[in-house]
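Here is the file data_4.cif (mmCIF, C-alpha atoms and all ligand atoms).
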data_input
loop_
_atom_site.label_atom_id
_atom_site.label_comp_id
_atom_site.auth_asym_id
_atom_site.auth_seq_id
_atom_site.Cartn_x
_atom_site.Cartn_y
_atom_site.Cartn_z
CA MET A 21 -60.13 -149.52 122.05
CA LYS A 22 -61.37 -153.07 121.96
CA LEU A 23 -65.07 -153.90 122.12
CA PHE A 24 -66.04 -157.33 123.36
CA THR A 25 -69.24 -157.89 121.51
CA TYR A 26 -71.65 -160.47 120.16
CA PHE A 27 -73.50 -159.80 116.95
CA ARG A 28 -76.95 -160.51 118.42
CA SER A 29 -76.45 -158.68 121.70
CA SER A 30 -78.62 -155.59 121.70
CA ALA A 31 -76.59 -154.00 124.50
CA ALA A 32 -73.41 -154.43 122.43
CA TYR A 33 -75.30 -153.16 119.38
CA ARG A 34 -75.98 -149.91 121.30
CA VAL A 35 -72.27 -149.41 121.93
CA ARG A 36 -71.35 -150.22 118.32
CA ILE A 37 -73.77 -147.51 117.15
CA ALA A 38 -72.34 -144.98 119.61
CA LEU A 39 -68.73 -145.73 118.64
CA ASN A 40 -69.65 -145.37 114.95
CA LEU A 41 -71.52 -142.10 115.53
CA LYS A 42 -68.53 -140.70 117.36
CA GLY A 43 -66.17 -141.87 114.63
CA LEU A 44 -63.94 -143.52 117.21
CA PRO A 45 -61.74 -146.34 115.92
CA TYR A 46 -62.17 -149.68 117.67
CA GLU A 47 -61.44 -153.31 117.16
CA MET A 48 -63.90 -156.03 118.04
CA GLU A 49 -63.55 -159.37 119.72
CA SER A 50 -66.50 -161.70 119.63
CA ALA A 51 -67.74 -163.31 122.84
CA HIS A 52 -70.12 -165.99 121.65
CA LEU A 53 -72.86 -166.13 124.26
CA THR A 54 -74.12 -169.65 123.57
CA ARG A 55 -71.39 -171.70 121.88
CA ASP A 56 -69.53 -174.09 124.22
CA GLY A 57 -71.70 -172.96 127.12
CA GLY A 58 -71.01 -169.26 126.51
CA ARG A 59 -67.67 -167.49 126.39
CA GLN A 60 -68.93 -165.01 128.98
CA TYR A 61 -68.60 -167.75 131.60
CA THR A 62 -64.91 -168.47 130.97
CA PRO A 63 -62.47 -167.43 133.73
CA GLU A 64 -60.72 -165.05 131.28
CA PHE A 65 -63.93 -163.23 130.45
CA ARG A 66 -65.06 -163.20 134.05
CA ALA A 67 -61.78 -161.51 134.97
CA LEU A 68 -62.65 -158.83 132.43
CA ASN A 69 -66.28 -158.44 133.47
CA PRO A 70 -67.38 -160.04 136.75
CA GLN A 71 -70.99 -159.69 135.55
CA MET A 72 -70.17 -162.05 132.65
CA ARG A 73 -72.02 -160.04 130.02
CA VAL A 74 -71.28 -158.06 126.90
CA PRO A 75 -70.57 -155.36 125.99
CA VAL A 76 -67.15 -154.72 127.49
CA LEU A 77 -65.00 -151.87 126.24
CA GLN A 78 -61.29 -152.13 126.92
CA LEU A 79 -59.53 -148.80 126.54
CA SER A 80 -56.02 -148.41 125.17
CA SER A 81 -54.97 -147.59 128.78
CA GLY A 82 -56.11 -151.11 129.72
CA ASP A 83 -59.07 -149.79 131.72
CA VAL A 84 -62.21 -151.83 131.29
CA LEU A 85 -65.72 -150.41 131.01
CA THR A 86 -68.95 -152.38 131.29
CA GLN A 87 -72.67 -151.60 131.07
CA SER A 88 -73.71 -150.13 127.72
CA LEU A 89 -75.22 -146.92 129.09
CA ALA A 90 -72.15 -146.20 131.22
CA ILE A 91 -69.93 -146.87 128.19
CA ILE A 92 -72.02 -144.63 125.93
CA GLU A 93 -72.00 -141.85 128.52
CA TYR A 94 -68.22 -142.16 128.75
CA LEU A 95 -67.90 -141.94 124.96
CA ASP A 96 -70.15 -138.88 124.93
CA GLU A 97 -67.90 -137.25 127.52
CA ILE A 98 -64.56 -137.95 125.84
CA GLN A 99 -65.90 -137.15 122.36
CA PRO A 100 -68.73 -134.61 122.75
CA GLU A 101 -69.57 -134.36 119.03
CA PRO A 102 -72.05 -135.36 117.85
CA ALA A 103 -73.85 -135.02 121.18
CA LEU A 104 -76.01 -138.00 122.05
CA LEU A 105 -78.14 -135.98 124.47
CA PRO A 106 -79.85 -132.62 123.79
CA ALA A 107 -78.47 -129.46 125.42
CA ASP A 108 -81.87 -128.55 126.84
CA ALA A 109 -82.53 -130.17 130.23
CA LEU A 110 -86.18 -130.96 129.52
CA ALA A 111 -85.42 -132.52 126.13
CA ARG A 112 -82.56 -134.46 127.74
CA ALA A 113 -84.88 -135.92 130.37
CA HIS A 114 -87.28 -136.99 127.62
CA VAL A 115 -84.53 -138.73 125.64
CA ARG A 116 -83.33 -140.50 128.77
CA ALA A 117 -86.87 -141.61 129.59
CA VAL A 118 -87.31 -143.29 126.20
CA ALA A 119 -83.83 -144.85 126.39
CA GLN A 120 -84.49 -146.14 129.90
CA ILE A 121 -87.82 -147.75 129.00
CA VAL A 122 -85.77 -149.93 126.68
CA ALA A 123 -82.58 -150.35 128.70
CA CYS A 124 -84.05 -150.56 132.20
CA ASP A 125 -87.57 -151.89 131.75
CA ILE A 126 -87.71 -154.04 128.58
CA HIS A 127 -84.25 -155.47 128.06
CA PRO A 128 -83.52 -156.77 131.59
CA LEU A 129 -86.68 -158.89 131.47
CA ASN A 130 -85.88 -160.30 128.05
CA ASN A 131 -82.18 -160.93 128.33
CA LEU A 132 -80.79 -164.32 127.28
CA VAL A 133 -79.90 -165.23 130.85
CA VAL A 134 -83.50 -164.49 131.97
CA LEU A 135 -85.05 -166.51 129.15
CA GLN A 136 -82.69 -169.40 129.92
CA TYR A 137 -83.71 -169.25 133.59
CA LEU A 138 -87.41 -169.33 132.70
CA LYS A 139 -86.89 -172.36 130.48
CA GLY A 140 -84.36 -174.18 132.67
CA PRO A 141 -84.86 -173.92 136.45
CA MET A 142 -88.41 -172.51 136.16
CA LYS A 143 -89.35 -175.27 133.67
CA HIS A 144 -91.51 -173.14 131.38
CA GLU A 145 -92.30 -174.34 127.86
CA GLN A 146 -90.73 -172.44 124.95
CA ALA A 147 -94.20 -171.05 124.07
CA ALA A 148 -94.54 -169.53 127.55
CA VAL A 149 -91.04 -168.05 127.35
CA ASP A 150 -91.86 -166.50 123.96
CA ALA A 151 -95.12 -165.11 125.38
CA TRP A 152 -93.16 -163.56 128.28
CA TYR A 153 -90.75 -161.98 125.82
CA ARG A 154 -93.51 -160.50 123.66
CA HIS A 155 -95.51 -159.29 126.65
CA TRP A 156 -92.68 -157.13 128.01
CA VAL A 157 -91.72 -155.76 124.61
CA ALA A 158 -95.37 -154.78 124.01
CA LYS A 159 -95.64 -153.06 127.41
CA GLY A 160 -92.53 -151.02 126.73
CA PHE A 161 -93.26 -150.30 123.08
CA ASP A 162 -96.81 -149.16 123.91
CA ALA A 163 -95.27 -146.46 126.08
CA VAL A 164 -92.50 -145.53 123.64
CA GLU A 165 -94.98 -145.29 120.75
CA ALA A 166 -97.03 -142.80 122.74
CA MET A 167 -93.97 -140.77 123.74
CA ILE A 168 -92.16 -140.24 120.44
CA THR A 169 -92.77 -138.06 117.41
CA PRO A 170 -90.46 -139.18 114.60
CA GLY A 171 -88.62 -136.18 113.37
CA PRO A 172 -87.27 -138.44 111.72
CA TYR A 173 -85.43 -139.72 114.81
CA ALA A 174 -87.17 -140.68 118.03
CA CYS A 175 -86.72 -137.30 119.69
CA GLY A 176 -86.28 -134.91 116.79
CA VAL A 177 -83.90 -134.07 113.99
CA HIS A 178 -80.80 -135.41 115.73
CA VAL A 179 -79.89 -138.96 116.61
CA THR A 180 -79.94 -139.40 120.38
CA LEU A 181 -79.50 -142.03 123.02
CA ALA A 182 -83.19 -142.87 122.55
CA ASP A 183 -82.51 -144.10 118.99
CA ILE A 184 -79.36 -145.92 120.11
CA CYS A 185 -81.42 -147.96 122.58
CA LEU A 186 -84.56 -148.31 120.48
CA VAL A 187 -83.13 -149.68 117.22
CA PRO A 188 -81.42 -152.73 118.80
CA GLN A 189 -84.58 -153.49 120.76
CA VAL A 190 -86.62 -153.41 117.54
CA TYR A 191 -84.11 -155.83 116.01
CA ASN A 192 -84.68 -158.17 118.96
CA ALA A 193 -88.44 -157.77 118.74
CA ARG A 194 -88.37 -158.77 115.07
CA ARG A 195 -86.24 -161.78 115.92
CA PHE A 196 -88.86 -162.94 118.40
CA LYS A 197 -91.65 -162.22 115.90
CA VAL A 198 -93.25 -159.34 117.75
CA SER A 199 -95.62 -157.60 115.33
CA LEU A 200 -94.65 -153.98 114.75
CA ASP A 201 -98.06 -153.17 113.25
CA PRO A 202 -99.22 -151.39 116.43
CA TYR A 203 -96.02 -149.30 116.41
CA PRO A 204 -95.83 -147.25 113.18
CA LYS A 205 -93.81 -144.47 114.84
CA ILE A 206 -91.23 -146.89 116.22
CA ALA A 207 -91.00 -148.56 112.81
CA ALA A 208 -90.51 -145.16 111.14
CA VAL A 209 -87.72 -144.24 113.56
CA GLU A 210 -86.03 -147.58 112.94
CA ALA A 211 -86.23 -147.05 109.16
CA ALA A 212 -84.73 -143.55 109.45
CA CYS A 213 -81.93 -144.73 111.74
CA LEU A 214 -80.97 -147.69 109.57
CA LYS A 215 -80.30 -145.30 106.68
CA HIS A 216 -77.60 -143.72 108.83
CA PRO A 217 -74.17 -145.33 108.17
CA ALA A 218 -73.36 -145.49 111.89
CA PHE A 219 -76.42 -147.64 112.50
CA ASP A 220 -75.99 -149.67 109.34
CA LYS A 221 -72.40 -150.59 110.20
CA ALA A 222 -73.53 -151.66 113.68
CA ARG A 223 -76.32 -153.97 112.48
CA PRO A 224 -76.00 -157.56 113.70
CA GLU A 225 -75.95 -158.91 110.14
CA ASN A 226 -73.01 -156.65 109.30
CA GLN A 227 -70.80 -157.94 112.10
CA PRO A 228 -67.80 -160.21 111.47
CA ASP A 229 -69.23 -162.77 113.93
CA ALA A 230 -72.71 -162.80 112.32
CA GLU A 231 -74.10 -166.28 111.69
N1 LIG A 301 -77.52 -153.70 131.32
C1 LIG A 301 -76.46 -154.31 130.58
C2 LIG A 301 -76.97 -155.55 129.93
C3 LIG A 301 -75.85 -156.39 129.34
C4 LIG A 301 -76.39 -157.75 128.94
O1 LIG A 301 -77.28 -158.28 129.60
N2 LIG A 301 -75.84 -158.32 127.85
C5 LIG A 301 -76.34 -159.59 127.40
C6 LIG A 301 -76.42 -159.62 125.91
S1 LIG A 301 -77.54 -158.39 125.29
C7 LIG A 301 -75.40 -160.68 127.87
O2 LIG A 301 -74.20 -160.53 127.79
N3 LIG A 301 -75.95 -161.79 128.32
C8 LIG A 301 -75.16 -162.87 128.76
C9 LIG A 301 -75.99 -164.02 129.17
O3 LIG A 301 -77.20 -163.93 129.02
O4 LIG A 301 -75.42 -165.00 129.65
C10 LIG A 301 -75.91 -153.34 129.53
O5 LIG A 301 -76.65 -152.44 129.15
O6 LIG A 301 -74.74 -153.48 129.14
#

What do you get writing this file as structure tokens?
Ligand SMILES: N[C@@H](CCC(=O)N[C@@H](CS)C(=O)NCC(=O)O)C(=O)O
Amino acid sequence: MKLFTYFRSSAAYRVRIALNLKGLPYEMESAHLTRDGGRQYTPEFRALNPQMRVPVLQLSSGDVLTQSLAIIEYLDEIQPEPALLPADALARAHVRAVAQIVACDIHPLNNLVVLQYLKGPMKHEQAAVDAWYRHWVAKGFDAVEAMITPGPYACGVHVTLADICLVPQVYNARRFKVSLDPYPKIAAVEAACLKHPAFDKARPENQPDAE
């Protein structure tokens, strides 16, 4: 399998964690999202992913998967152990809720392409763009903080999809200088996860394309 990734991309970070947890071998190809206007906008990359975003997972069959949650679900189906979702339906819904606060409610508002649009066509100052970023992280993290009980992971003793989504979002939040002081439970979950080799290997700073 080949993962098209970018070290700072939190969506790609999610897939790197999942691949590592599953112990699936993969090679990586970097798609630099800003250099030379962004590799995602080249015709070759667009042919791979018409949405022009990472991550993209190319299977050995040649099939191409996009969208981190769809990719992670696929990996969980072809390699069920360790399971990324609990067996119990209620617990599973809870894990998905936490994961979706990050993946569906925080991240889409704070994505590079959104921030670039705010600054470019919408003509907002950098300070306003940063305030936008922090506002939506805080809204989402307020909810996550209230919903989790570190055990040590976000939803108990096992790593789940909730952790896979949360840890990359915390990385992004730190990058944009969001204070984690109001979120001791989220910070504790992040600390527990980063001790896990699958998370550590997936960290942006541990990627071959890290700058
Ligand atoms: N919902 C998508 C989001 C993918 C996404 O937006 N990726 C970002 C990086 S985190 C990207 O490639 N952005 C390209 C751009 O902003 O031009 C997923 O979960 O895979």

>> Residues contacting ligand LIG 301 (chain A) - anything with an atom at most 8 Å away, using only C-alpha atoms and all ligand atoms - can you give me those as a PyMOL selection string?
In response: chain A and resi 26+28-32+53-54+58+60-61+72-76+86-90+123-124+127-128+131-134+136

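For the pair atom CA of A:Thr180 and atom CA of A:Leu105, the separation is 5.6 Å.
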
>> Between A:Val198, A:Ile126, A:Leu214, A:Ala208, which residue has the minimum interatomic distance to A:Ile168, considering only C-alpha atoms?
In response: A:Ala208

> For A:Val35, which of A:Met142, A:Val118, A:Ala222, A:Ala158 is the closest residue, counting only C-alpha atoms?
Replying inline: A:Ala222

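In this comparison, which uses only C-alpha atoms, the residue of A:Tyr46, A:Tyr33, A:Phe196, A:Trp156 approaching A:Arg223 most closely is A:Tyr33.
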
>> Rounded to one decimal, what separation in Å do you get between atom CA of A:Arg116 and atom CA of A:Ala182?
In response: 6.7 Å

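Pairwise distance (atom CA of A:Gln189, atom CA of A:Val157) equals 8.4 Å.
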
Scan for residues within 10 Å of the point (-63.6, -164.5, 124.6) in the coordinates of the file, using all atoms listed in the file, and reply as an mmCIF file with C-alpha atoms, keeping the file's coordinate frame.
data_model
loop_
_atom_site.group_PDB
_atom_site.id
_atom_site.type_symbol
_atom_site.label_atom_id
_atom_site.label_comp_id
_atom_site.auth_asym_id
_atom_site.auth_seq_id
_atom_site.Cartn_x
_atom_site.Cartn_y
_atom_site.Cartn_z
ATOM 1 C CA PHE A 24 -66.040 -157.330 123.360
ATOM 2 C CA THR A 25 -69.240 -157.890 121.510
ATOM 3 C CA GLU A 49 -63.550 -159.370 119.720
ATOM 4 C CA SER A 50 -66.500 -161.700 119.630
ATOM 5 C CA ALA A 51 -67.740 -163.310 122.840
ATOM 6 C CA HIS A 52 -70.120 -165.990 121.650
ATOM 7 C CA LEU A 53 -72.860 -166.130 124.260
ATOM 8 C CA GLY A 58 -71.010 -169.260 126.510
ATOM 9 C CA ARG A 59 -67.670 -167.490 126.390
ATOM 10 C CA GLN A 60 -68.930 -165.010 128.980
ATOM 11 C CA TYR A 61 -68.600 -167.750 131.600
ATOM 12 C CA THR A 62 -64.910 -168.470 130.970
ATOM 13 C CA PRO A 63 -62.470 -167.430 133.730
ATOM 14 C CA GLU A 64 -60.720 -165.050 131.280
ATOM 15 C CA PHE A 65 -63.930 -163.230 130.450
ATOM 16 C CA ARG A 66 -65.060 -163.200 134.050
ATOM 17 C CA LEU A 68 -62.650 -158.830 132.430
#

>> Need the shell around A:Gln99: protein/DNA/RNA residues with any atom at most 9 Å away, counting only C-alpha atoms. Skip same-chain ones fewer than 5 positions apart. Format as a ChimeraX atom specification?
In response: /A:42,44,94

Generate a file of the selected residues that holds C-alpha atoms, formatted as a PDB file, in the coordinates of the input.
ATOM      1  CA  LYS A  42     -68.530-140.700 117.360  1.00  0.00           C
ATOM      2  CA  LEU A  44     -63.940-143.520 117.210  1.00  0.00           C
ATOM      3  CA  TYR A  94     -68.220-142.160 128.750  1.00  0.00           C
TER       4      TYR A  94
END

>> If we draw a sphere of 12 Å around (-88.3, -149.5, 114.3), which residues have at least one atom in it when counting all atoms listed in the file? Please report them as a ChimeraX atom specification.
In response: /A:161,164-165,168,170,172-174,182-194,198-215

Limited to C-alpha atoms, could you put the picked residues into a file as a compact mmCIF listing (two decimals), in the frame of the given file?
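File produced: again.txt:
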# COMPACT_ATOMS: atom_id res chain seq x y z
CA PHE A 161 -93.26 -150.30 123.08
CA VAL A 164 -92.50 -145.53 123.64
CA GLU A 165 -94.98 -145.29 120.75
CA ILE A 168 -92.16 -140.24 120.44
CA PRO A 170 -90.46 -139.18 114.60
CA PRO A 172 -87.27 -138.44 111.72
CA TYR A 173 -85.43 -139.72 114.81
CA ALA A 174 -87.17 -140.68 118.03
CA ALA A 182 -83.19 -142.87 122.55
CA ASP A 183 -82.51 -144.10 118.99
CA ILE A 184 -79.36 -145.92 120.11
CA CYS A 185 -81.42 -147.96 122.58
CA LEU A 186 -84.56 -148.31 120.48
CA VAL A 187 -83.13 -149.68 117.22
CA PRO A 188 -81.42 -152.73 118.80
CA GLN A 189 -84.58 -153.49 120.76
CA VAL A 190 -86.62 -153.41 117.54
CA TYR A 191 -84.11 -155.83 116.01
CA ASN A 192 -84.68 -158.17 118.96
CA ALA A 193 -88.44 -157.77 118.74
CA ARG A 194 -88.37 -158.77 115.07
CA VAL A 198 -93.25 -159.34 117.75
CA SER A 199 -95.62 -157.60 115.33
CA LEU A 200 -94.65 -153.98 114.75
CA ASP A 201 -98.06 -153.17 113.25
CA PRO A 202 -99.22 -151.39 116.43
CA TYR A 203 -96.02 -149.30 116.41
CA PRO A 204 -95.83 -147.25 113.18
CA LYS A 205 -93.81 -144.47 114.84
CA ILE A 206 -91.23 -146.89 116.22
CA ALA A 207 -91.00 -148.56 112.81
CA ALA A 208 -90.51 -145.16 111.14
CA VAL A 209 -87.72 -144.24 113.56
CA GLU A 210 -86.03 -147.58 112.94
CA ALA A 211 -86.23 -147.05 109.16
CA ALA A 212 -84.73 -143.55 109.45
CA CYS A 213 -81.93 -144.73 111.74
CA LEU A 214 -80.97 -147.69 109.57
CA LYS A 215 -80.30 -145.30 106.68

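Shortest atom-to-atom contact with A:Gly82 among A:His216, A:Met21, A:Leu110, A:Glu97: A:Met21, counting all atoms listed in the file.
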
>> Calculated over all atoms listed in the file, which of the candidates A:Leu104, A:Ala67, A:Ala109, A:Leu85 has the smallest distance to A:Ile37?
In response: A:Leu104

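Proximity ranking of A:Glu47, A:Gln71, A:Leu39, A:Leu135 relative to A:Ala148 places A:Leu135 first, based on only C-alpha atoms.
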